[in-house]
Structure formats: C-alpha cells, structure tokens
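Have a look at entry_1.pdb; it's PDB, C-alpha atoms:
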```pdb
MODEL        1
ATOM      1  CA  MET Z  16     132.967 196.752  62.399  1.00  0.00           C
ATOM      2  CA  THR Z  17     129.253 197.279  63.009  1.00  0.00           C
ATOM      3  CA  LEU Z  18     126.851 196.702  60.114  1.00  0.00           C
ATOM      4  CA  THR Z  19     123.316 198.043  60.477  1.00  0.00           C
ATOM      5  CA  ILE Z  20     120.283 198.286  58.225  1.00  0.00           C
ATOM      6  CA  ARG Z  21     117.821 201.096  58.842  1.00  0.00           C
ATOM      7  CA  PRO Z  22     114.986 202.829  57.013  1.00  0.00           C
ATOM      8  CA  VAL Z  23     115.871 205.955  55.088  1.00  0.00           C
ATOM      9  CA  ARG Z  24     115.127 209.159  56.985  1.00  0.00           C
ATOM     10  CA  VAL Z  25     113.420 212.362  55.911  1.00  0.00           C
ATOM     11  CA  GLY Z  26     116.106 214.673  54.575  1.00  0.00           C
ATOM     12  CA  GLU Z  27     118.177 211.862  53.015  1.00  0.00           C
ATOM     13  CA  ALA Z  28     116.890 212.192  49.455  1.00  0.00           C
ATOM     14  CA  ALA Z  29     120.324 213.449  48.363  1.00  0.00           C
ATOM     15  CA  LEU Z  30     121.956 210.333  49.841  1.00  0.00           C
ATOM     16  CA  VAL Z  31     119.518 208.055  48.000  1.00  0.00           C
ATOM     17  CA  LEU Z  32     119.947 209.976  44.744  1.00  0.00           C
ATOM     18  CA  GLY Z  33     123.707 209.667  45.142  1.00  0.00           C
ATOM     19  CA  PHE Z  34     123.388 205.894  45.486  1.00  0.00           C
ATOM     20  CA  ILE Z  35     121.069 205.783  42.452  1.00  0.00           C
ATOM     21  CA  ARG Z  36     123.629 207.675  40.391  1.00  0.00           C
ATOM     22  CA  GLU Z  37     126.486 205.444  41.569  1.00  0.00           C
ATOM     23  CA  LEU Z  38     124.459 202.374  40.629  1.00  0.00           C
ATOM     24  CA  ALA Z  39     123.562 203.866  37.252  1.00  0.00           C
ATOM     25  CA  GLU Z  40     127.214 204.637  36.589  1.00  0.00           C
ATOM     26  CA  TYR Z  41     128.173 201.037  37.449  1.00  0.00           C
ATOM     27  CA  GLU Z  42     125.430 199.798  35.099  1.00  0.00           C
ATOM     28  CA  LYS Z  43     126.620 202.189  32.350  1.00  0.00           C
ATOM     29  CA  LEU Z  44     123.229 203.927  32.480  1.00  0.00           C
ATOM     30  CA  LEU Z  45     124.042 207.252  34.128  1.00  0.00           C
ATOM     31  CA  GLN Z  46     122.610 209.139  31.144  1.00  0.00           C
ATOM     32  CA  ALA Z  47     119.215 207.533  31.880  1.00  0.00           C
ATOM     33  CA  VAL Z  48     118.891 209.041  35.370  1.00  0.00           C
ATOM     34  CA  GLU Z  49     116.235 211.749  35.242  1.00  0.00           C
ATOM     35  CA  ALA Z  50     115.406 211.813  38.947  1.00  0.00           C
ATOM     36  CA  ASP Z  51     116.371 214.749  41.089  1.00  0.00           C
ATOM     37  CA  GLU Z  52     116.392 215.242  44.833  1.00  0.00           C
ATOM     38  CA  ALA Z  53     112.842 216.639  44.889  1.00  0.00           C
ATOM     39  CA  ALA Z  54     111.472 213.639  42.995  1.00  0.00           C
ATOM     40  CA  ILE Z  55     113.164 211.203  45.391  1.00  0.00           C
ATOM     41  CA  GLU Z  56     111.806 213.163  48.364  1.00  0.00           C
ATOM     42  CA  VAL Z  57     108.234 212.846  47.038  1.00  0.00           C
ATOM     43  CA  LEU Z  58     108.723 209.196  46.059  1.00  0.00           C
ATOM     44  CA  LEU Z  59     109.855 208.213  49.551  1.00  0.00           C
ATOM     45  CA  PHE Z  60     108.227 210.789  51.841  1.00  0.00           C
ATOM     46  CA  GLY Z  61     105.317 212.383  49.952  1.00  0.00           C
ATOM     47  CA  PRO Z  62     101.706 212.178  51.135  1.00  0.00           C
ATOM     48  CA  ALA Z  63     101.326 208.736  49.542  1.00  0.00           C
ATOM     49  CA  PRO Z  64     104.813 207.166  49.337  1.00  0.00           C
ATOM     50  CA  ARG Z  65     105.081 204.703  46.468  1.00  0.00           C
ATOM     51  CA  ALA Z  66     108.517 203.344  47.313  1.00  0.00           C
ATOM     52  CA  PHE Z  67     110.584 202.582  50.380  1.00  0.00           C
ATOM     53  CA  CYS Z  68     114.280 202.494  51.062  1.00  0.00           C
ATOM     54  CA  ASP Z  69     116.659 200.873  53.506  1.00  0.00           C
ATOM     55  CA  ILE Z  70     120.184 202.109  54.128  1.00  0.00           C
ATOM     56  CA  ALA Z  71     123.159 199.897  55.010  1.00  0.00           C
ATOM     57  CA  GLU Z  72     125.702 201.489  57.313  1.00  0.00           C
ATOM     58  CA  VAL Z  73     129.123 200.311  58.398  1.00  0.00           C
ATOM     59  CA  ASP Z  74     130.207 201.978  61.616  1.00  0.00           C
ATOM     60  CA  GLY Z  75     127.546 204.631  61.067  1.00  0.00           C
ATOM     61  CA  ILE Z  76     128.633 205.467  57.503  1.00  0.00           C
ATOM     62  CA  PRO Z  77     126.104 204.799  54.698  1.00  0.00           C
ATOM     63  CA  VAL Z  78     127.559 202.263  52.254  1.00  0.00           C
ATOM     64  CA  GLY Z  79     124.539 200.988  50.327  1.00  0.00           C
ATOM     65  CA  PHE Z  80     120.825 200.963  49.814  1.00  0.00           C
ATOM     66  CA  ALA Z  81     117.835 198.888  48.805  1.00  0.00           C
ATOM     67  CA  LEU Z  82     114.907 200.695  47.195  1.00  0.00           C
ATOM     68  CA  TRP Z  83     111.734 198.628  46.967  1.00  0.00           C
ATOM     69  CA  PHE Z  84     107.963 198.676  46.653  1.00  0.00           C
ATOM     70  CA  TYR Z  85     105.027 196.333  47.134  1.00  0.00           C
ATOM     71  CA  ASN Z  86     103.794 194.347  44.166  1.00  0.00           C
ATOM     72  CA  VAL Z  87     101.122 191.683  43.872  1.00  0.00           C
ATOM     73  CA  SER Z  88     100.842 188.076  42.780  1.00  0.00           C
ATOM     74  CA  THR Z  89      97.331 187.204  41.692  1.00  0.00           C
ATOM     75  CA  PHE Z  90      98.373 183.543  41.537  1.00  0.00           C
ATOM     76  CA  LYS Z  91      99.371 183.604  45.204  1.00  0.00           C
ATOM     77  CA  GLY Z  92      96.608 186.009  46.175  1.00  0.00           C
ATOM     78  CA  ARG Z  93      99.152 188.001  48.168  1.00  0.00           C
ATOM     79  CA  CYS Z  94     101.448 190.953  47.837  1.00  0.00           C
ATOM     80  CA  GLY Z  95     105.191 190.660  47.550  1.00  0.00           C
ATOM     81  CA  LEU Z  96     108.168 192.983  47.407  1.00  0.00           C
ATOM     82  CA  TYR Z  97     109.928 194.143  44.284  1.00  0.00           C
ATOM     83  CA  LEU Z  98     113.492 195.254  44.789  1.00  0.00           C
ATOM     84  CA  GLU Z  99     114.053 198.068  42.299  1.00  0.00           C
ATOM     85  CA  ASP Z 100     117.636 198.878  43.260  1.00  0.00           C
ATOM     86  CA  LEU Z 101     120.287 197.231  45.404  1.00  0.00           C
ATOM     87  CA  TYR Z 102     123.695 198.853  45.576  1.00  0.00           C
ATOM     88  CA  VAL Z 103     126.735 198.660  47.831  1.00  0.00           C
ATOM     89  CA  ARG Z 104     129.701 200.941  47.287  1.00  0.00           C
ATOM     90  CA  PRO Z 105     132.748 199.078  45.934  1.00  0.00           C
ATOM     91  CA  GLU Z 106     134.875 199.760  49.020  1.00  0.00           C
ATOM     92  CA  ALA Z 107     132.215 198.116  51.224  1.00  0.00           C
ATOM     93  CA  ARG Z 108     131.600 195.013  49.115  1.00  0.00           C
ATOM     94  CA  GLY Z 109     132.431 191.792  50.872  1.00  0.00           C
ATOM     95  CA  LEU Z 110     131.439 193.182  54.281  1.00  0.00           C
ATOM     96  CA  GLY Z 111     127.951 191.646  54.168  1.00  0.00           C
ATOM     97  CA  ALA Z 112     125.958 194.801  53.454  1.00  0.00           C
ATOM     98  CA  GLY Z 113     124.258 193.442  50.312  1.00  0.00           C
ATOM     99  CA  LYS Z 114     123.277 190.213  52.012  1.00  0.00           C
ATOM    100  CA  ALA Z 115     122.058 192.144  55.080  1.00  0.00           C
ATOM    101  CA  LEU Z 116     119.880 194.400  52.907  1.00  0.00           C
ATOM    102  CA  LEU Z 117     118.350 191.360  51.188  1.00  0.00           C
ATOM    103  CA  ALA Z 118     117.929 189.486  54.482  1.00  0.00           C
ATOM    104  CA  ASN Z 119     116.123 192.513  55.909  1.00  0.00           C
ATOM    105  CA  LEU Z 120     113.694 192.447  52.984  1.00  0.00           C
ATOM    106  CA  ALA Z 121     113.261 188.679  53.279  1.00  0.00           C
ATOM    107  CA  LYS Z 122     112.392 189.111  56.962  1.00  0.00           C
ATOM    108  CA  ARG Z 123     109.851 191.795  56.038  1.00  0.00           C
ATOM    109  CA  CYS Z 124     108.285 189.351  53.571  1.00  0.00           C
ATOM    110  CA  ILE Z 125     107.999 186.673  56.254  1.00  0.00           C
ATOM    111  CA  ASP Z 126     106.777 189.076  58.944  1.00  0.00           C
ATOM    112  CA  GLU Z 127     104.101 190.539  56.630  1.00  0.00           C
ATOM    113  CA  SER Z 128     103.096 187.160  55.084  1.00  0.00           C
ATOM    114  CA  LEU Z 129     104.172 188.354  51.662  1.00  0.00           C
ATOM    115  CA  GLY Z 130     104.427 185.787  48.885  1.00  0.00           C
ATOM    116  CA  ARG Z 131     107.807 186.602  47.373  1.00  0.00           C
ATOM    117  CA  LEU Z 132     110.762 188.915  46.926  1.00  0.00           C
ATOM    118  CA  GLU Z 133     111.852 189.523  43.364  1.00  0.00           C
ATOM    119  CA  TRP Z 134     114.116 191.741  41.293  1.00  0.00           C
ATOM    120  CA  ALA Z 135     115.874 191.967  37.957  1.00  0.00           C
ATOM    121  CA  VAL Z 136     119.597 191.857  37.228  1.00  0.00           C
ATOM    122  CA  LEU Z 137     121.420 192.835  34.064  1.00  0.00           C
ATOM    123  CA  ASP Z 138     122.537 189.754  32.137  1.00  0.00           C
ATOM    124  CA  TRP Z 139     126.177 190.921  32.017  1.00  0.00           C
ATOM    125  CA  ASN Z 140     126.449 191.483  35.784  1.00  0.00           C
ATOM    126  CA  ALA Z 141     128.173 188.181  36.601  1.00  0.00           C
ATOM    127  CA  PRO Z 142     129.271 189.132  40.154  1.00  0.00           C
ATOM    128  CA  SER Z 143     125.709 190.015  41.158  1.00  0.00           C
ATOM    129  CA  ILE Z 144     124.245 186.950  39.456  1.00  0.00           C
ATOM    130  CA  ALA Z 145     126.720 184.716  41.297  1.00  0.00           C
ATOM    131  CA  PHE Z 146     125.853 186.446  44.582  1.00  0.00           C
ATOM    132  CA  TYR Z 147     122.118 185.971  44.015  1.00  0.00           C
ATOM    133  CA  ASP Z 148     122.669 182.338  43.014  1.00  0.00           C
ATOM    134  CA  SER Z 149     124.574 181.781  46.268  1.00  0.00           C
ATOM    135  CA  LEU Z 150     121.456 182.901  48.153  1.00  0.00           C
ATOM    136  CA  GLY Z 151     119.248 180.422  46.300  1.00  0.00           C
ATOM    137  CA  ALA Z 152     117.509 183.019  44.113  1.00  0.00           C
ATOM    138  CA  ALA Z 153     115.862 181.423  41.091  1.00  0.00           C
ATOM    139  CA  SER Z 154     116.351 182.845  37.606  1.00  0.00           C
ATOM    140  CA  MET Z 155     113.035 183.442  35.838  1.00  0.00           C
ATOM    141  CA  ASN Z 156     114.399 182.881  32.325  1.00  0.00           C
ATOM    142  CA  GLU Z 157     111.011 182.054  30.847  1.00  0.00           C
ATOM    143  CA  TRP Z 158     109.684 185.544  31.655  1.00  0.00           C
ATOM    144  CA  ILE Z 159     110.605 188.486  29.437  1.00  0.00           C
ATOM    145  CA  ILE Z 160     110.299 191.941  30.960  1.00  0.00           C
ATOM    146  CA  ARG Z 161     108.404 194.400  28.780  1.00  0.00           C
ATOM    147  CA  ARG Z 162     108.362 198.169  29.222  1.00  0.00           C
ATOM    148  CA  LEU Z 163     106.402 201.106  27.863  1.00  0.00           C
ATOM    149  CA  SER Z 164     107.930 204.523  28.418  1.00  0.00           C
ATOM    150  CA  GLY Z 165     108.416 207.838  26.705  1.00  0.00           C
ATOM    151  CA  GLU Z 166     106.687 208.261  23.353  1.00  0.00           C
ATOM    152  CA  ALA Z 167     105.238 204.725  23.299  1.00  0.00           C
ATOM    153  CA  LEU Z 168     103.625 205.296  26.710  1.00  0.00           C
ATOM    154  CA  GLU Z 169     102.231 208.673  25.590  1.00  0.00           C
ATOM    155  CA  THR Z 170     100.827 207.152  22.379  1.00  0.00           C
ATOM    156  CA  LEU Z 171      99.032 204.362  24.205  1.00  0.00           C
ATOM    157  CA  ALA Z 172      97.651 206.795  26.803  1.00  0.00           C
ATOM    158  CA  ALA Z 173      96.389 209.040  24.003  1.00  0.00           C
ATOM    159  CA  ALA Z 174      94.548 206.087  22.501  1.00  0.00           C
ATOM    160  CA  HIS Z 175      92.612 205.756  25.783  1.00  0.00           C
ATOM    161  CA  ARG Z 176      91.717 209.441  25.887  1.00  0.00           C
ATOM    162  CA  SER Z 177      90.298 209.328  22.368  1.00  0.00           C
ATOM    163  CA  ALA Z 178      88.290 206.140  22.931  1.00  0.00           C
TER     164      ALA Z 178
ENDMDL
END
```

If you convert what's in this file into structure tokens, what do you get?
Amino acid sequence: MTLTIRPVRVGEAALVLGFIRELAEYEKLLQAVEADEAAIEVLLFGPAPRAFCDIAEVDGIPVGFALWFYNVSTFKGRCGLYLEDLYVRPEARGLGAGKALLANLAKRCIDESLGRLEWAVLDWNAPSIAFYDSLGAASMNEWIIRRLSGEALETLAAAHRSA
C-alpha cells in the first residue's frame, strides 16, 4: 500500500465536491450543501484562489481530502491555517490518510512559519474527537463560534449601505 498526499489538480472540482458531499452526508448536513462544481473550481483555481485542497491517495486512488485556507492571529502577529474540511472515505479509515493529511498541513505551518493549525469538529463526532486528541490537539472550549449567514448577513450588510 502506498499512501500519498498531493495538491488538488485543475479539473478535479468534481472530485472535491464529491468529498464535500460525502462529508456532509456523514455529518447529517447534506441538505446544507449549496456548492456546485463551478463554485469549487473558482474557489480553488480562480484568478484569486481563496482556498486550497490536498488529496490523499492510496495506491493512486483518491480516498480523502483536506480543504483549508490561511487565517490570521493578531495575538501571534502571524498567519495560520484553518482546516475547513477533513474527510477520509470509510473504507480507507485506519490506513493513515487522515493523519497524513494533517501532518502535511502541520509541515506547511512549520515550513511557512505559521503560528497555528486549527479547525472545528462537531460535538457528537466522538471518533474524530478521539483521533484529534491522540494527536495532541487542544479543545478550545472557552471559545464559541458565531456565524452570520443568509438573511442575518443580508440585514447587517444593508445597515452598512444605508449608513
């Protein structure tokens, strides 16, 4: 068995979208996926890519992905990486693909002098939490993620336009 991690290639938006949908199905959030192949293509390969993606392959067959972007820590005065999605197909779990994807991102952080690698995990996802704990990842329980989207985002934006 040969496990490799490589950057996503132009023309693989359908592969990435497939992984996103598989992850969403696992998380019981498939109905929330609005992205289509064209949107993923622009996100990863447009004139100003805003996100990046690595693919895990076992014997040349894609089995998982990590989609990430740069964030910033003003306290550290440095950028970091935010892992938006990490997914390994069930039949490939236990082969080291998830750990290899994370190790690849950790190496990028070190190589680029980035301050941290962070991500969120659903509170019910015990297998993933245990996996992350085994790597030494700290839980940031004192921080509560907040989100504006949809109508609330539009309303706040409208308040700026009228000011």

Taking all atoms of stretch 116-127 of chain Z that the file lists and extending 8 Å past them on each side, where is the centre of the axis-aligned box and how long are its edges? Answer in Å to one decimal, as AutoDock Vina command-line options.
```
--center_x 112.0 --center_y 190.5 --center_z 55.1 --size_x 31.8 --size_y 23.7 --size_z 23.8
```

Using all atoms listed in the file, pick whichever of Z:Tyr147, Z:Phe60, Z:Phe67, Z:Tyr41 has the shortest atom-to-atom distance to Z:Gly26. Z:Phe60

Can you list, as a PDB file with C-alpha atoms, in the frame of the given file, every protein, DNA or RNA residue that comes within 8 Å of stretch 30-40 of chain Z when you count all atoms listed in the file, leaving out same-chain residues fewer than 5 positions away?
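As written to disk, result_26.pdb reads:
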```
ATOM      1  CA  LEU Z  45     124.042 207.252  34.128  1.00  0.00           C
ATOM      2  CA  ALA Z  47     119.215 207.533  31.880  1.00  0.00           C
ATOM      3  CA  VAL Z  48     118.891 209.041  35.370  1.00  0.00           C
ATOM      4  CA  ALA Z  50     115.406 211.813  38.947  1.00  0.00           C
ATOM      5  CA  ASP Z  51     116.371 214.749  41.089  1.00  0.00           C
ATOM      6  CA  GLU Z  52     116.392 215.242  44.833  1.00  0.00           C
ATOM      7  CA  ILE Z  55     113.164 211.203  45.391  1.00  0.00           C
ATOM      8  CA  GLY Z  79     124.539 200.988  50.327  1.00  0.00           C
ATOM      9  CA  PHE Z  80     120.825 200.963  49.814  1.00  0.00           C
ATOM     10  CA  ASP Z 100     117.636 198.878  43.260  1.00  0.00           C
ATOM     11  CA  TYR Z 102     123.695 198.853  45.576  1.00  0.00           C
ATOM     12  CA  ARG Z 104     129.701 200.941  47.287  1.00  0.00           C
TER      13      ARG Z 104
END
```

Of the candidates Z:Ile125, Z:Leu116, Z:Met16, Z:Ile160, which one gets nearest to Z:Leu137 if we count only C-alpha atoms? Z:Ile160

Could you list, as an MDAnalysis selection string, every residue within 10 Å of Z:Leu98, counting all atoms listed in the file and ignoring same-chain residues fewer than 3 positions away? chainID Z and resid 66:68 81:86 95 101 117 120 132:135

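Reported to one decimal place, the separation of atom CA of Z:Val78 from atom CA of Z:Glu106 is 8.4 Å.
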
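Between atom CA of Z:Ala107 and atom CA of Z:Ala145 there is a distance of 17.6 Å.
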
From the coordinates supplied, stretch 17-137 of chain Z should be written with C-alpha atoms, as an mmCIF file, in the first residue's frame.
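The result, written out as selection_28.cif:
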```cif
data_model
loop_
_atom_site.group_PDB
_atom_site.id
_atom_site.type_symbol
_atom_site.label_atom_id
_atom_site.label_comp_id
_atom_site.auth_asym_id
_atom_site.auth_seq_id
_atom_site.Cartn_x
_atom_site.Cartn_y
_atom_site.Cartn_z
ATOM 1 C CA THR Z 17 1.308 3.431 -0.984
ATOM 2 C CA LEU Z 18 -0.210 6.488 0.698
ATOM 3 C CA THR Z 19 0.469 9.875 -0.883
ATOM 4 C CA ILE Z 20 -0.703 13.420 -0.262
ATOM 5 C CA ARG Z 21 -0.778 15.815 -3.194
ATOM 6 C CA PRO Z 22 -2.326 19.164 -4.076
ATOM 7 C CA VAL Z 23 -5.624 19.075 -5.913
ATOM 8 C CA ARG Z 24 -5.274 19.499 -9.670
ATOM 9 C CA VAL Z 25 -7.167 21.666 -12.129
ATOM 10 C CA GLY Z 26 -10.098 19.628 -13.396
ATOM 11 C CA GLU Z 27 -10.711 17.868 -10.057
ATOM 12 C CA ALA Z 28 -13.514 20.106 -8.805
ATOM 13 C CA ALA Z 29 -15.964 17.208 -9.202
ATOM 14 C CA LEU Z 30 -13.748 15.009 -7.010
ATOM 15 C CA VAL Z 31 -13.589 17.686 -4.303
ATOM 16 C CA LEU Z 32 -17.337 18.313 -4.490
ATOM 17 C CA GLY Z 33 -17.905 14.576 -4.158
ATOM 18 C CA PHE Z 34 -15.806 14.511 -0.989
ATOM 19 C CA ILE Z 35 -17.676 17.563 0.348
ATOM 20 C CA ARG Z 36 -20.993 15.815 -0.224
ATOM 21 C CA GLU Z 37 -19.773 12.589 1.398
ATOM 22 C CA LEU Z 38 -18.606 14.567 4.422
ATOM 23 C CA ALA Z 39 -21.892 16.466 4.585
ATOM 24 C CA GLU Z 40 -23.820 13.204 4.437
ATOM 25 C CA TYR Z 41 -21.718 11.786 7.299
ATOM 26 C CA GLU Z 42 -22.378 14.971 9.298
ATOM 27 C CA LYS Z 43 -26.123 14.763 8.509
ATOM 28 C CA LEU Z 44 -25.863 18.104 6.692
ATOM 29 C CA LEU Z 45 -26.210 17.115 3.040
ATOM 30 C CA GLN Z 46 -29.196 19.448 2.639
ATOM 31 C CA ALA Z 47 -26.898 22.381 3.511
ATOM 32 C CA VAL Z 48 -24.544 21.841 0.557
ATOM 33 C CA GLU Z 49 -25.148 24.619 -1.957
ATOM 34 C CA ALA Z 50 -21.814 24.397 -3.760
ATOM 35 C CA ASP Z 51 -21.610 23.097 -7.282
ATOM 36 C CA GLU Z 52 -18.674 22.080 -9.430
ATOM 37 C CA ALA Z 53 -18.277 25.570 -10.920
ATOM 38 C CA ALA Z 54 -18.130 27.186 -7.481
ATOM 39 C CA ILE Z 55 -15.465 24.725 -6.308
ATOM 40 C CA GLU Z 56 -13.466 25.351 -9.492
ATOM 41 C CA VAL Z 57 -13.450 29.117 -8.833
ATOM 42 C CA LEU Z 58 -12.750 28.651 -5.116
ATOM 43 C CA LEU Z 59 -9.663 26.532 -5.768
ATOM 44 C CA PHE Z 60 -8.449 27.650 -9.204
ATOM 45 C CA GLY Z 61 -9.964 31.076 -9.940
ATOM 46 C CA PRO Z 62 -7.867 34.196 -10.529
ATOM 47 C CA ALA Z 63 -7.540 34.748 -6.771
ATOM 48 C CA PRO Z 64 -7.966 31.347 -5.063
ATOM 49 C CA ARG Z 65 -9.345 31.701 -1.550
ATOM 50 C CA ALA Z 66 -8.965 28.075 -0.511
ATOM 51 C CA PHE Z 67 -6.600 25.193 -1.105
ATOM 52 C CA CYS Z 68 -7.010 21.456 -1.103
ATOM 53 C CA ASP Z 69 -4.866 18.384 -0.631
ATOM 54 C CA ILE Z 70 -5.882 14.924 -1.787
ATOM 55 C CA ALA Z 71 -4.955 11.668 -0.037
ATOM 56 C CA GLU Z 72 -4.440 8.712 -2.341
ATOM 57 C CA VAL Z 73 -3.936 5.047 -1.574
ATOM 58 C CA ASP Z 74 -2.277 3.244 -4.454
ATOM 59 C CA GLY Z 75 -3.210 6.139 -6.727
ATOM 60 C CA ILE Z 76 -6.908 6.141 -5.770
ATOM 61 C CA PRO Z 77 -8.272 9.289 -4.056
ATOM 62 C CA VAL Z 78 -9.587 8.382 -0.597
ATOM 63 C CA GLY Z 79 -9.796 11.715 1.223
ATOM 64 C CA PHE Z 80 -9.186 15.415 1.243
ATOM 65 C CA ALA Z 81 -8.263 18.407 3.354
ATOM 66 C CA LEU Z 82 -9.634 21.789 2.301
ATOM 67 C CA TRP Z 83 -8.003 24.742 4.036
ATOM 68 C CA PHE Z 84 -7.242 28.447 3.896
ATOM 69 C CA TYR Z 85 -4.952 30.957 5.567
ATOM 70 C CA ASN Z 86 -6.214 32.812 8.608
ATOM 71 C CA VAL Z 87 -4.505 35.259 10.935
ATOM 72 C CA SER Z 88 -3.707 35.565 14.616
ATOM 73 C CA THR Z 89 -3.254 39.166 15.663
ATOM 74 C CA PHE Z 90 -2.006 37.942 19.048
ATOM 75 C CA LYS Z 91 0.790 35.979 17.381
ATOM 76 C CA GLY Z 92 1.283 38.536 14.627
ATOM 77 C CA ARG Z 93 1.353 35.693 12.111
ATOM 78 C CA CYS Z 94 -0.910 33.800 9.790
ATOM 79 C CA GLY Z 95 -2.059 30.270 10.420
ATOM 80 C CA LEU Z 96 -4.067 27.627 8.615
ATOM 81 C CA TYR Z 97 -7.725 26.884 9.126
ATOM 82 C CA LEU Z 98 -8.795 23.411 8.136
ATOM 83 C CA GLU Z 99 -12.339 23.765 6.815
ATOM 84 C CA ASP Z 100 -12.891 20.126 5.885
ATOM 85 C CA LEU Z 101 -11.065 16.873 6.536
ATOM 86 C CA TYR Z 102 -12.606 13.678 5.236
ATOM 87 C CA VAL Z 103 -11.456 10.128 4.569
ATOM 88 C CA ARG Z 104 -13.779 7.603 2.984
ATOM 89 C CA PRO Z 105 -14.922 4.918 5.450
ATOM 90 C CA GLU Z 106 -13.214 2.078 3.570
ATOM 91 C CA ALA Z 107 -9.862 3.900 3.850
ATOM 92 C CA ARG Z 108 -10.060 4.845 7.528
ATOM 93 C CA GLY Z 109 -7.337 3.329 9.635
ATOM 94 C CA LEU Z 110 -4.812 3.442 6.780
ATOM 95 C CA GLY Z 111 -3.239 6.703 7.972
ATOM 96 C CA ALA Z 112 -4.727 9.041 5.373
ATOM 97 C CA GLY Z 113 -6.292 11.437 7.907
ATOM 98 C CA LYS Z 114 -3.109 11.673 9.931
ATOM 99 C CA ALA Z 115 -1.057 12.137 6.738
ATOM 100 C CA LEU Z 116 -3.317 14.988 5.591
ATOM 101 C CA LEU Z 117 -2.960 16.706 8.976
ATOM 102 C CA ALA Z 118 0.796 16.065 9.105
ATOM 103 C CA ASN Z 119 1.126 17.624 5.653
ATOM 104 C CA LEU Z 120 -0.643 20.753 6.894
ATOM 105 C CA ALA Z 121 1.445 20.812 10.073
ATOM 106 C CA LYS Z 122 4.604 20.661 7.951
ATOM 107 C CA ARG Z 123 3.305 23.547 5.830
ATOM 108 C CA CYS Z 124 2.768 25.549 9.027
ATOM 109 C CA ILE Z 125 6.338 24.889 10.157
ATOM 110 C CA ASP Z 126 7.856 25.494 6.718
ATOM 111 C CA GLU Z 127 5.976 28.803 6.308
ATOM 112 C CA SER Z 128 6.489 29.946 9.947
ATOM 113 C CA LEU Z 129 2.752 29.945 10.521
ATOM 114 C CA GLY Z 130 1.503 30.278 14.084
ATOM 115 C CA ARG Z 131 -1.087 27.515 14.268
ATOM 116 C CA LEU Z 132 -3.340 24.975 12.609
ATOM 117 C CA GLU Z 133 -6.932 24.957 13.768
ATOM 118 C CA TRP Z 134 -10.323 23.520 12.891
ATOM 119 C CA ALA Z 135 -13.736 22.770 14.328
ATOM 120 C CA VAL Z 136 -15.337 19.395 14.996
ATOM 121 C CA LEU Z 137 -18.965 18.591 15.691
#
```
